[in-house]
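First comes the structure, then the notes that go with it.
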Amino acid sequence: MKRSTFVKGTLITSVAASLLVSQLAYSDTVRLRMHTFYGTEMDEIAADLRERVKESSDGSLRIQFFRGGELVDSSQFVNAVSRGTIDIAHGVGSYWPGQVSIGTIEAGLPGAWVSTDEARDVFTDQGLDELIAEAYEEQGVKLIGRGYGSDYGLLTSEPVSSLEDLKSMRIRATSSIATVLEKFDIPTTFLPAEELYVGLSTGVIDGAVYGGPVEYEQLKLNEVAKYYTDINLLNPGWIETALINPSTWEKMSEEQQQIITTEIDRYLEDIHQWLEEGNQKIIDEGALFEFATLPAEDSRKLAEAALPIWEEEAEKSERNAQAVEILINNATQQGRLSE
């Protein structure tokens with residue numbers, strides 16, 4: 001009896017201890033430093049994300065949010081996540097093409113897609129995201145989310161009626177768009193979003209291809225430039241990427257991982273819808289900007305000039321070649337390229 005009582009007591013103690021350890025492990029708060037390339041315009045959406053993650057995880061997951069430029073430069077997101085300086089990054093692949101060569105393709109090659117539904121299909125159903133995830137894994141980061149931007153027009157301090165007008169201007173653009181513009185002797189440079197206001201107000205740049213009307217309004221660029229021109233080259237004009245540090249990811253339980261991916265997906269979709277609705281409202285009101293569209297012939301020239309960029313990107317690696325093949329097959333199926 002004594003031995004039986006001892007064994008029984010030992011088992012009860014062991015089970016209780018195991019339960020206690022399990023509860024303590026789950027109750028440890030995982031604090032995640034998340035950095036976006038956006039500024040204050042996304043504060044409300046970011047606050048919703050933080051609250052949902054906290055509630056869904058019973059407080060075991062907490063997000064500390066950083067806006068564009070607050071902790072690290074957007075172009076350094078991949079390195080920062082890999083080193084653990086930040087845990088989660090929300091950016092655009094064209095900010096780091098020197099680190100992840102497929103990033104330019106990921107962000108959106110000119111002419112690659114013309115609707116959000118088409119872009120979603122290319123990434124999720126035609127295998128593009130699988131190739132991209134492999135590339136990020138090689139850089140020590142994990143792909144956990146995909147966002148779809150919105151309108152991608154040209155904002156300038158002077159009106160634009162043709163490509164010829166742009167030859168006397170310096171335009172801020174990411175690498176792929178810059179390559180197209182430079183084929184028409186249009187000077188380009190790159191500035192992060194947080195520097196666009198100063199760049200336009202001081203004449204460092206004369207225009208920018210960055211986003212749609214709502215983003216330009218949120219950055220208060222309507223105070224220094226009011227001419228918005230639709231260049232009819234890519235929509236969505238950029239594709240957003242969410243990355244996480246692998247060590248941070250592995251420390252979380254499967255349930256916590258699911259919470260993060262689910263809520264990051266919702267966060268990215270909320271941003272997309274906010275952009276779409278905001279752009280249309282500003283266009284309908286017509287008060288902040290003067291709207292124009294590049295002549296169809298000029299848009300056609302831009303599209304034709306973009307095709308060699310696809311070939312150049314394909315030559316950078318076997319993975320890039322596979323990605324471009326996906327784009328070519330899709331564009332052919334959509335009727336934008338001949339077989």
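Labels used: A, B, ... for chains in the order of the structure tokens, numbers from 1 for residues in each chain, and numbers from 1 for ligands as shown.
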**Request:** Go through region 57-172 of chain A and collect every residue that DSSP, computed from the backbone, puts in helix (DSSP H, G or I); the answer should be as a ChimeraX atom specification.
**Result:** /A:74-83,93-95,103-108,116-125,128-138,163-166
All residues 9 Å or closer to region 156-167 of chain A, only C-alpha atoms, same chain fewer than 2 positions away omitted, as a list of chain:residue names:
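The filter keeps A:Leu154, A:Met169, A:Arg170, A:Ile171, A:Leu181, A:Phe184, A:Asp185, A:Ile186, A:Pro187, A:Leu200, A:Ser201, A:Ile205, A:Asp206, A:Gly207, A:Ala208, A:Val209, A:Val224, A:Ala225, A:Lys226, A:Tyr227, A:Tyr228, A:Thr229, A:Glu290, A:Ala292, A:Thr293, A:Leu294, A:Pro295, A:Asp298, A:Ser299.
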Which one is closest to Asp73 (chain A): A:Gly103, A:Gly127, A:Gly147, A:Pro192? Count only C-alpha atoms.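 The answer is A:Pro192, which sits nearest to Asp73 (chain A).
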With only C-alpha atoms as the counted atoms, please give the residues lying no more than 10 Å from Tyr136 (chain A), apart from itself and same-chain residues fewer than 2 positions off, as JSON, numbers by chain.
{"A": [78, 82, 99, 100, 101, 102, 103, 131, 132, 133, 134, 138, 139, 140, 141, 142, 143, 243]}
Pick from A:Asp230, A:Glu240, A:Glu217, A:Glu223 nearest to Gly149 (chain A), counting only C-alpha atoms: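 Using only C-alpha atoms, the shortest distance to Gly149 (chain A) belongs to A:Glu240.
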In Å and to one decimal, CA of Thr188 (chain A) is distant from CA of Asn279 (chain A) by 25.1 Å
Tell me which of A:Gly59, A:Gly39, A:Pro110, A:Gly237 sits closest to His90 (chain A), counting only C-alpha atoms.
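Of A:Gly59, A:Gly39, A:Pro110, A:Gly237, the one nearest His90 (chain A), counting only C-alpha atoms, is A:Gly39.
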Which residues are close to Thr85 (chain A), i.e. within 10 Å by only C-alpha atoms, leaving aside same-chain residues fewer than 2 positions away? Reply as a PyMOL selection string. chain A and resi 33-34+71-72+77+79-83+87-88+245
